[in-house]
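Text of work.pdb (PDB, C-alpha atoms, pLDDT in the B column) as supplied:
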MODEL        1
ATOM      1  CA  MET A 294      38.068 -32.978  -6.414  1.00 39.00           C
ATOM      2  CA  PHE A 295      40.986 -33.696  -4.134  1.00 43.00           C
ATOM      3  CA  VAL A 296      44.611 -34.222  -5.123  1.00 46.00           C
ATOM      4  CA  ILE A 297      46.713 -35.983  -2.574  1.00 51.00           C
ATOM      5  CA  ALA A 298      50.453 -35.950  -2.766  1.00 54.00           C
ATOM      6  CA  TYR A 299      51.974 -38.887  -1.021  1.00 53.00           C
ATOM      7  CA  ALA A 300      55.569 -39.850  -0.728  1.00 55.00           C
ATOM      8  CA  ARG A 301      56.188 -43.365   0.412  1.00 58.00           C
ATOM      9  CA  GLN A 302      58.706 -43.499   3.200  1.00 62.00           C
ATOM     10  CA  ASN A 303      58.187 -46.884   4.644  1.00 62.00           C
ATOM     11  CA  SER A 304      56.821 -50.168   3.576  1.00 65.00           C
ATOM     12  CA  ALA A 305      53.877 -50.237   5.972  1.00 71.00           C
ATOM     13  CA  ASP A 306      50.390 -50.005   4.529  1.00 73.00           C
ATOM     14  CA  THR A 307      48.793 -46.581   4.910  1.00 72.00           C
ATOM     15  CA  THR A 308      45.074 -45.772   4.713  1.00 78.00           C
ATOM     16  CA  VAL A 309      44.114 -42.338   3.535  1.00 74.00           C
ATOM     17  CA  TYR A 310      40.599 -40.992   4.086  1.00 79.00           C
ATOM     18  CA  ALA A 311      38.989 -38.255   2.033  1.00 80.00           C
ATOM     19  CA  GLY A 312      36.868 -35.665   3.826  1.00 81.00           C
ATOM     20  CA  TRP A 313      33.795 -34.340   2.018  1.00 83.00           C
ATOM     21  CA  LYS A 314      31.739 -31.334   2.800  1.00 89.00           C
ATOM     22  CA  ILE A 315      28.402 -30.758   1.107  1.00 91.00           C
ATOM     23  CA  LYS A 316      28.216 -27.455  -0.721  1.00 96.00           C
ATOM     24  CA  THR A 317      25.575 -25.121   0.721  1.00 97.00           C
ATOM     25  CA  TYR A 318      23.785 -22.140  -0.765  1.00 97.00           C
ATOM     26  CA  THR A 319      21.879 -19.232   0.699  1.00 98.00           C
ATOM     27  CA  VAL A 320      18.241 -18.618  -0.197  1.00 98.00           C
ATOM     28  CA  LYS A 321      17.199 -15.027   0.578  1.00 98.00           C
ATOM     29  CA  PHE A 322      13.607 -13.781   0.815  1.00 97.00           C
ATOM     30  CA  ASP A 323      13.277 -10.218  -0.492  1.00 97.00           C
ATOM     31  CA  LEU A 324      10.185  -8.191   0.517  1.00 97.00           C
ATOM     32  CA  ASN A 325      10.463  -6.440  -2.840  1.00 95.00           C
ATOM     33  CA  GLY A 326      10.485  -2.852  -1.576  1.00 92.00           C
ATOM     34  CA  LYS A 327       7.790  -3.172   1.084  1.00 92.00           C
ATOM     35  CA  ASP A 328       8.200  -2.550   4.782  1.00 88.00           C
ATOM     36  CA  GLY A 329       7.330  -5.618   6.776  1.00 85.00           C
ATOM     37  CA  LYS A 330       8.742  -8.312   9.021  1.00 90.00           C
ATOM     38  CA  ALA A 331      11.913  -9.728   7.437  1.00 93.00           C
ATOM     39  CA  ILE A 332      11.883 -13.393   6.442  1.00 96.00           C
ATOM     40  CA  PRO A 333      15.107 -15.113   7.559  1.00 97.00           C
ATOM     41  CA  SER A 334      17.439 -16.505   4.894  1.00 97.00           C
ATOM     42  CA  GLN A 335      17.888 -20.271   4.644  1.00 98.00           C
ATOM     43  CA  THR A 336      21.094 -22.247   4.217  1.00 98.00           C
ATOM     44  CA  VAL A 337      20.298 -25.146   1.889  1.00 97.00           C
ATOM     45  CA  ASN A 338      22.453 -28.118   0.889  1.00 97.00           C
ATOM     46  CA  SER A 339      23.216 -28.339  -2.819  1.00 96.00           C
ATOM     47  CA  GLY A 340      20.471 -30.297  -4.554  1.00 96.00           C
ATOM     48  CA  SER A 341      18.014 -29.892  -1.673  1.00 97.00           C
ATOM     49  CA  CYS A 342      14.992 -27.593  -1.689  1.00 97.00           C
ATOM     50  CA  ALA A 343      14.276 -24.438   0.265  1.00 98.00           C
ATOM     51  CA  VAL A 344      11.421 -24.619   2.754  1.00 98.00           C
ATOM     52  CA  LYS A 345       8.503 -22.346   1.903  1.00 97.00           C
ATOM     53  CA  PRO A 346       8.371 -19.671   4.628  1.00 97.00           C
ATOM     54  CA  SER A 347       5.221 -18.167   6.057  1.00 94.00           C
ATOM     55  CA  ASP A 348       3.515 -15.508   3.983  1.00 96.00           C
ATOM     56  CA  ALA A 349       5.069 -12.062   4.117  1.00 95.00           C
ATOM     57  CA  VAL A 350       3.057  -9.205   5.660  1.00 95.00           C
ATOM     58  CA  ALA A 351       3.168  -5.480   4.803  1.00 94.00           C
ATOM     59  CA  ASP A 352       0.721  -2.718   5.754  1.00 93.00           C
ATOM     60  CA  GLY A 353      -1.653  -1.827   2.949  1.00 94.00           C
ATOM     61  CA  TYR A 354      -0.775  -4.812   0.752  1.00 95.00           C
ATOM     62  CA  ILE A 355      -2.024  -8.333   0.106  1.00 96.00           C
ATOM     63  CA  PHE A 356       0.721 -10.950  -0.259  1.00 97.00           C
ATOM     64  CA  THR A 357       0.356 -12.781  -3.602  1.00 97.00           C
ATOM     65  CA  GLY A 358       3.154 -15.355  -3.245  1.00 97.00           C
ATOM     66  CA  TRP A 359       6.887 -15.912  -3.736  1.00 98.00           C
ATOM     67  CA  TYR A 360       8.407 -15.261  -7.160  1.00 98.00           C
ATOM     68  CA  LYS A 361      11.651 -15.996  -9.041  1.00 97.00           C
ATOM     69  CA  ASP A 362      11.939 -12.394 -10.266  1.00 97.00           C
ATOM     70  CA  SER A 363      11.406  -8.956  -8.728  1.00 97.00           C
ATOM     71  CA  ALA A 364       8.756  -8.151 -11.367  1.00 97.00           C
ATOM     72  CA  CYS A 365       6.771 -11.111  -9.987  1.00 97.00           C
ATOM     73  CA  THR A 366       6.073 -12.723 -13.335  1.00 97.00           C
ATOM     74  CA  THR A 367       7.091 -16.315 -12.450  1.00 97.00           C
ATOM     75  CA  LYS A 368       6.030 -18.038  -9.225  1.00 98.00           C
ATOM     76  CA  TYR A 369       8.856 -19.703  -7.318  1.00 98.00           C
ATOM     77  CA  ASP A 370       8.581 -23.509  -7.119  1.00 98.00           C
ATOM     78  CA  PHE A 371       9.718 -24.715  -3.697  1.00 98.00           C
ATOM     79  CA  THR A 372      10.307 -28.225  -5.112  1.00 98.00           C
ATOM     80  CA  THR A 373      13.182 -26.886  -7.243  1.00 96.00           C
ATOM     81  CA  PRO A 374      16.613 -28.176  -6.109  1.00 97.00           C
ATOM     82  CA  ILE A 375      18.971 -25.372  -5.075  1.00 97.00           C
ATOM     83  CA  THR A 376      22.224 -25.274  -7.049  1.00 97.00           C
ATOM     84  CA  ALA A 377      23.312 -21.646  -6.455  1.00 97.00           C
ATOM     85  CA  ASP A 378      22.671 -18.724  -4.105  1.00 98.00           C
ATOM     86  CA  THR A 379      19.072 -17.703  -4.769  1.00 98.00           C
ATOM     87  CA  THR A 380      16.843 -14.704  -4.049  1.00 98.00           C
ATOM     88  CA  VAL A 381      13.086 -15.196  -3.919  1.00 98.00           C
ATOM     89  CA  TYR A 382      10.823 -12.119  -4.152  1.00 98.00           C
ATOM     90  CA  ALA A 383       7.547 -11.356  -2.389  1.00 97.00           C
ATOM     91  CA  GLY A 384       4.645 -10.437  -4.638  1.00 97.00           C
ATOM     92  CA  TRP A 385       2.153  -7.783  -3.554  1.00 97.00           C
ATOM     93  CA  GLU A 386      -1.175  -6.303  -4.545  1.00 96.00           C
ATOM     94  CA  ALA A 387      -2.216  -2.975  -3.038  1.00 95.00           C
ATOM     95  CA  LYS A 388      -5.307  -3.080  -0.842  1.00 97.00           C
ATOM     96  CA  LYS A 389      -8.148  -0.980  -2.202  1.00 97.00           C
ATOM     97  CA  TYR A 390     -10.076   1.503  -0.100  1.00 97.00           C
ATOM     98  CA  VAL A 391     -13.299   3.430  -0.697  1.00 98.00           C
ATOM     99  CA  VAL A 392     -13.653   7.196  -0.296  1.00 97.00           C
ATOM    100  CA  ASP A 393     -17.288   8.255   0.143  1.00 96.00           C
ATOM    101  CA  PHE A 394     -18.675  11.800   0.039  1.00 96.00           C
ATOM    102  CA  ASP A 395     -21.566  12.805   2.347  1.00 95.00           C
ATOM    103  CA  LEU A 396     -23.384  15.996   1.359  1.00 95.00           C
ATOM    104  CA  ASN A 397     -24.219  16.569   5.013  1.00 93.00           C
ATOM    105  CA  GLY A 398     -27.940  17.080   4.422  1.00 90.00           C
ATOM    106  CA  LYS A 399     -27.625  19.791   1.772  1.00 90.00           C
ATOM    107  CA  ALA A 400     -27.792  19.975  -2.047  1.00 87.00           C
ATOM    108  CA  PRO A 401     -30.953  17.918  -2.553  1.00 85.00           C
ATOM    109  CA  GLY A 402     -30.716  15.651  -5.569  1.00 85.00           C
ATOM    110  CA  ALA A 403     -26.946  16.078  -5.915  1.00 89.00           C
ATOM    111  CA  THR A 404     -24.533  13.136  -5.623  1.00 90.00           C
ATOM    112  CA  VAL A 405     -20.784  12.765  -5.573  1.00 94.00           C
ATOM    113  CA  PRO A 406     -19.585   9.313  -6.709  1.00 95.00           C
ATOM    114  CA  SER A 407     -17.459   7.162  -4.417  1.00 96.00           C
ATOM    115  CA  GLN A 408     -13.827   6.540  -5.373  1.00 97.00           C
ATOM    116  CA  THR A 409     -11.896   3.270  -5.070  1.00 98.00           C
ATOM    117  CA  ILE A 410      -8.264   4.092  -4.296  1.00 97.00           C
ATOM    118  CA  ASP A 411      -5.176   1.861  -3.948  1.00 97.00           C
ATOM    119  CA  TYR A 412      -3.330   2.016  -0.632  1.00 96.00           C
ATOM    120  CA  GLY A 413      -0.953   4.985  -0.599  1.00 95.00           C
ATOM    121  CA  ASP A 414      -2.544   6.736  -3.598  1.00 97.00           C
ATOM    122  CA  LYS A 415      -4.497   9.981  -3.301  1.00 97.00           C
ATOM    123  CA  ALA A 416      -8.217  10.619  -3.667  1.00 96.00           C
ATOM    124  CA  THR A 417      -9.461  13.181  -6.168  1.00 95.00           C
ATOM    125  CA  ASP A 418     -11.327  16.187  -4.825  1.00 94.00           C
ATOM    126  CA  GLY A 419     -15.043  15.450  -5.092  1.00 86.00           C
ATOM    127  CA  GLY A 420     -15.581  18.928  -6.462  1.00 86.00           C
ATOM    128  CA  SER A 421     -17.872  21.752  -5.535  1.00 84.00           C
ATOM    129  CA  VAL A 422     -21.562  21.075  -4.990  1.00 88.00           C
ATOM    130  CA  LYS A 423     -24.371  23.615  -5.421  1.00 88.00           C
ATOM    131  CA  ASP A 424     -27.187  24.384  -2.989  1.00 87.00           C
ATOM    132  CA  PRO A 425     -29.622  27.262  -3.396  1.00 86.00           C
ATOM    133  CA  THR A 426     -29.253  28.599   0.154  1.00 89.00           C
ATOM    134  CA  TYR A 427     -25.753  27.435   1.171  1.00 92.00           C
ATOM    135  CA  LYS A 428     -22.234  28.015  -0.097  1.00 92.00           C
ATOM    136  CA  PHE A 429     -20.012  24.912  -0.366  1.00 93.00           C
ATOM    137  CA  THR A 430     -16.818  25.343   1.743  1.00 94.00           C
ATOM    138  CA  GLY A 431     -14.959  22.080   1.018  1.00 95.00           C
ATOM    139  CA  TRP A 432     -14.612  18.494   2.207  1.00 96.00           C
ATOM    140  CA  TYR A 433     -14.053  17.644   5.882  1.00 97.00           C
ATOM    141  CA  LEU A 434     -13.101  14.626   7.983  1.00 97.00           C
ATOM    142  CA  ASP A 435     -15.839  15.262  10.548  1.00 97.00           C
ATOM    143  CA  LYS A 436     -19.582  15.894  10.287  1.00 96.00           C
ATOM    144  CA  GLU A 437     -19.173  19.187  12.158  1.00 96.00           C
ATOM    145  CA  CYS A 438     -16.744  20.350   9.441  1.00 95.00           C
ATOM    146  CA  THR A 439     -13.924  21.424  11.749  1.00 96.00           C
ATOM    147  CA  ILE A 440     -11.082  19.392  10.138  1.00 97.00           C
ATOM    148  CA  LYS A 441     -10.622  20.122   6.434  1.00 97.00           C
ATOM    149  CA  TYR A 442      -9.401  17.159   4.369  1.00 97.00           C
ATOM    150  CA  ASP A 443      -6.085  17.483   2.532  1.00 97.00           C
ATOM    151  CA  PHE A 444      -6.339  15.758  -0.858  1.00 97.00           C
ATOM    152  CA  ASP A 445      -2.530  15.414  -0.946  1.00 97.00           C
ATOM    153  CA  SER A 446      -2.787  12.825   1.864  1.00 96.00           C
ATOM    154  CA  PRO A 447      -2.204   9.181   0.934  1.00 97.00           C
ATOM    155  CA  ILE A 448      -5.176   6.856   1.464  1.00 97.00           C
ATOM    156  CA  THR A 449      -4.549   4.213   4.153  1.00 96.00           C
ATOM    157  CA  GLY A 450      -8.114   3.057   4.837  1.00 96.00           C
ATOM    158  CA  ASP A 451     -11.760   3.625   3.950  1.00 97.00           C
ATOM    159  CA  LEU A 452     -12.728   7.273   4.299  1.00 97.00           C
ATOM    160  CA  LEU A 453     -15.970   9.235   4.633  1.00 97.00           C
ATOM    161  CA  LEU A 454     -15.749  12.942   3.813  1.00 97.00           C
ATOM    162  CA  TYR A 455     -18.418  15.495   4.699  1.00 96.00           C
ATOM    163  CA  ALA A 456     -19.406  18.534   2.658  1.00 95.00           C
ATOM    164  CA  GLY A 457     -19.018  21.831   4.510  1.00 94.00           C
ATOM    165  CA  TRP A 458     -21.631  24.522   4.080  1.00 94.00           C
ATOM    166  CA  GLU A 459     -22.021  28.165   4.962  1.00 93.00           C
ATOM    167  CA  LEU A 460     -25.403  29.870   4.958  1.00 89.00           C
ATOM    168  CA  VAL A 461     -25.671  32.454   2.224  1.00 84.00           C
ATOM    169  CA  PRO A 462     -27.246  35.506   3.817  1.00 80.00           C
ATOM    170  CA  SER A 463     -30.439  36.643   2.203  1.00 72.00           C
ATOM    171  CA  PRO A 464     -30.034  40.053   0.700  1.00 70.00           C
ATOM    172  CA  ILE A 465     -31.539  42.784   2.816  1.00 69.00           C
ATOM    173  CA  PRO A 466     -33.941  44.714   0.705  1.00 66.00           C
ATOM    174  CA  THR A 467     -32.932  48.280   0.202  1.00 66.00           C
ATOM    175  CA  PRO A 468     -35.780  50.475   1.327  1.00 66.00           C
ATOM    176  CA  THR A 469     -37.177  52.650  -1.356  1.00 67.00           C
ATOM    177  CA  PRO A 470     -37.535  56.209  -0.238  1.00 66.00           C
ATOM    178  CA  ASN A 471     -41.047  57.425   0.122  1.00 67.00           C
ATOM    179  CA  PRO A 472     -41.528  60.570  -1.786  1.00 64.00           C
ATOM    180  CA  THR A 473     -42.326  63.425   0.471  1.00 65.00           C
ATOM    181  CA  PRO A 474     -45.891  64.389  -0.203  1.00 65.00           C
ATOM    182  CA  ALA A 475     -46.229  67.772  -1.705  1.00 63.00           C
ATOM    183  CA  PRO A 476     -47.759  70.307   0.609  1.00 67.00           C
ATOM    184  CA  THR A 477     -51.349  70.927  -0.085  1.00 67.00           C
ATOM    185  CA  VAL A 478     -52.546  74.456  -0.678  1.00 67.00           C
ATOM    186  CA  THR A 479     -55.928  75.439   0.630  1.00 64.00           C
TER     187      THR A 479
ENDMDL
END

Please express what this file holds, its structure, as structure tokens.
Amino acid sequence: MFVIAYARQNSADTTVYAGWKIKTYTVKFDLNGKDGKAIPSQTVNSGSCAVKPSDAVADGYIFTGWYKDSACTTKYDFTTPITADTTVYAGWEAKKYVVDFDLNGKAPGATVPSQTIDYGDKATDGGSVKDPTYKFTGWYLDKECTIKYDFDSPITGDLLLYAGWELVPSPIPTPTPNPTPAPTVT
């Protein structure tokens, strides 16, 4: 609304023009706590709609859409007229990865179940496995068992762990002493 004060000083006709500026609002796109390529904000005229941007991308996550709230309970409708500054939130679902356990040719008949782990979570130690002639030494990243796996590491992809083994030496029999034969008397 404009108020114009005008004092008439002469008798000539005067034309006054009003200048109007459309109100604009900012629409921000929040990645909702994930690292990824920022989505630029949009300046939108009052009553117009924001343009749906390209899908957001973040390592280890699947983009599920744009939402009105940070909890991602209500999808954002890009046909909604903008009447105030607005923040739209990216929704995410963690990618799932499989951790498999290879017994490395030992412990016949034994199995260790695979684990499905969300990106960034930790796998659970597959436990100790028994073999009659080998001692289990842990889980390793390589078949040769030179790099021991740290179960405090976050999972960022599918993983195959190998069981490490150490040969249990066979016990050496303790020789039994031969009794010395008694001398014979003739």

message: Assuming the chain letters and numbering stay as they are in my file, what does the PyMOL selection byres ((chain A and resi 431-447) around 10) actually select? List them as an NGL selection string.
response: :A and (394-397 or 410-422 or 428-430 or 448-450 or 452-458)

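Put simply, the PyMOL selection byres ((chain A and resi 386) around 8) in this file takes in Tyr354, Ile355, Phe356, Thr357, Gly384, Trp385, Ala387 and Lys388 of chain A.
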
- prompt: Quick one: residues within 10 Å of Ser339 (chain A), all atoms listed in the file counted, chain neighbours fewer than 6 positions away excluded, as a PyMOL selection string?
  reply: chain A and resi 315-319+374-378

Could you save those same residues with C-alpha atoms as a CSV table (one decimal), keeping the file's coordinate frame?
chain,number,residue,atom,x,y,z
A,315,ILE,CA,28.4,-30.8,1.1
A,316,LYS,CA,28.2,-27.5,-0.7
A,317,THR,CA,25.6,-25.1,0.7
A,318,TYR,CA,23.8,-22.1,-0.8
A,319,THR,CA,21.9,-19.2,0.7
A,374,PRO,CA,16.6,-28.2,-6.1
A,375,ILE,CA,19.0,-25.4,-5.1
A,376,THR,CA,22.2,-25.3,-7.0
A,377,ALA,CA,23.3,-21.6,-6.5
A,378,ASP,CA,22.7,-18.7,-4.1

Taking all atoms listed in the file into account, produce a table as a tab-separated table in which each residue of region 362-401 of chain A with an atom at most 10 Å from an atom of region 325-332 of chain A appears once, together with its shortest atom pair and the distance in Å to one decimal, ordered by chain and rising number.
residue	atom	partner	partner_atom	distance
A:Asp362	CA	A:Asn325	CA	9.6
A:Ser363	CA	A:Asn325	CA	6.5
A:Ala364	CA	A:Asn325	CA	8.9
A:Cys365	CA	A:Asn325	CA	9.3
A:Val381	CA	A:Asn325	CA	9.2
A:Tyr382	CA	A:Asn325	CA	5.8
A:Ala383	CA	A:Asn325	CA	5.7
A:Gly384	CA	A:Asn325	CA	7.3
A:Trp385	CA	A:Asn325	CA	8.4

Would you compute the box with edges along x, y and z of the file around region 324-343 of chain A, including every atom the file lists for it and 8 Å extra on each side, and give its centre and edge lengths in Å to one decimal, as JSON?
{"center_x": 15.3, "center_y": -16.4, "center_z": 2.2, "size_x": 31.9, "size_y": 43.7, "size_z": 29.6}

query: Which distance in Å separates CA of Val461 (chain A) and CA of Thr426 (chain A), to one decimal?
result: 5.7 Å

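Of note, CA of Thr373 (chain A) and CA of Pro333 (chain A) are spaced 19.0 Å apart.
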
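Ranking A:Thr307, A:Asn338, A:Thr379, A:Thr367 by their shortest atom-to-atom distance to Val320 (chain A), with all atoms listed in the file included, puts A:Thr379 first.
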
- prompt: What is the CA of Lys314 (chain A) to CA of Val344 (chain A) distance in Å?
  reply: 21.4 Å

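If all atoms listed in the file are the atoms counted, then among A:Thr380, A:Thr372, A:Asp348, A:Asp424 the closest residue to Pro401 (chain A) is A:Asp424.
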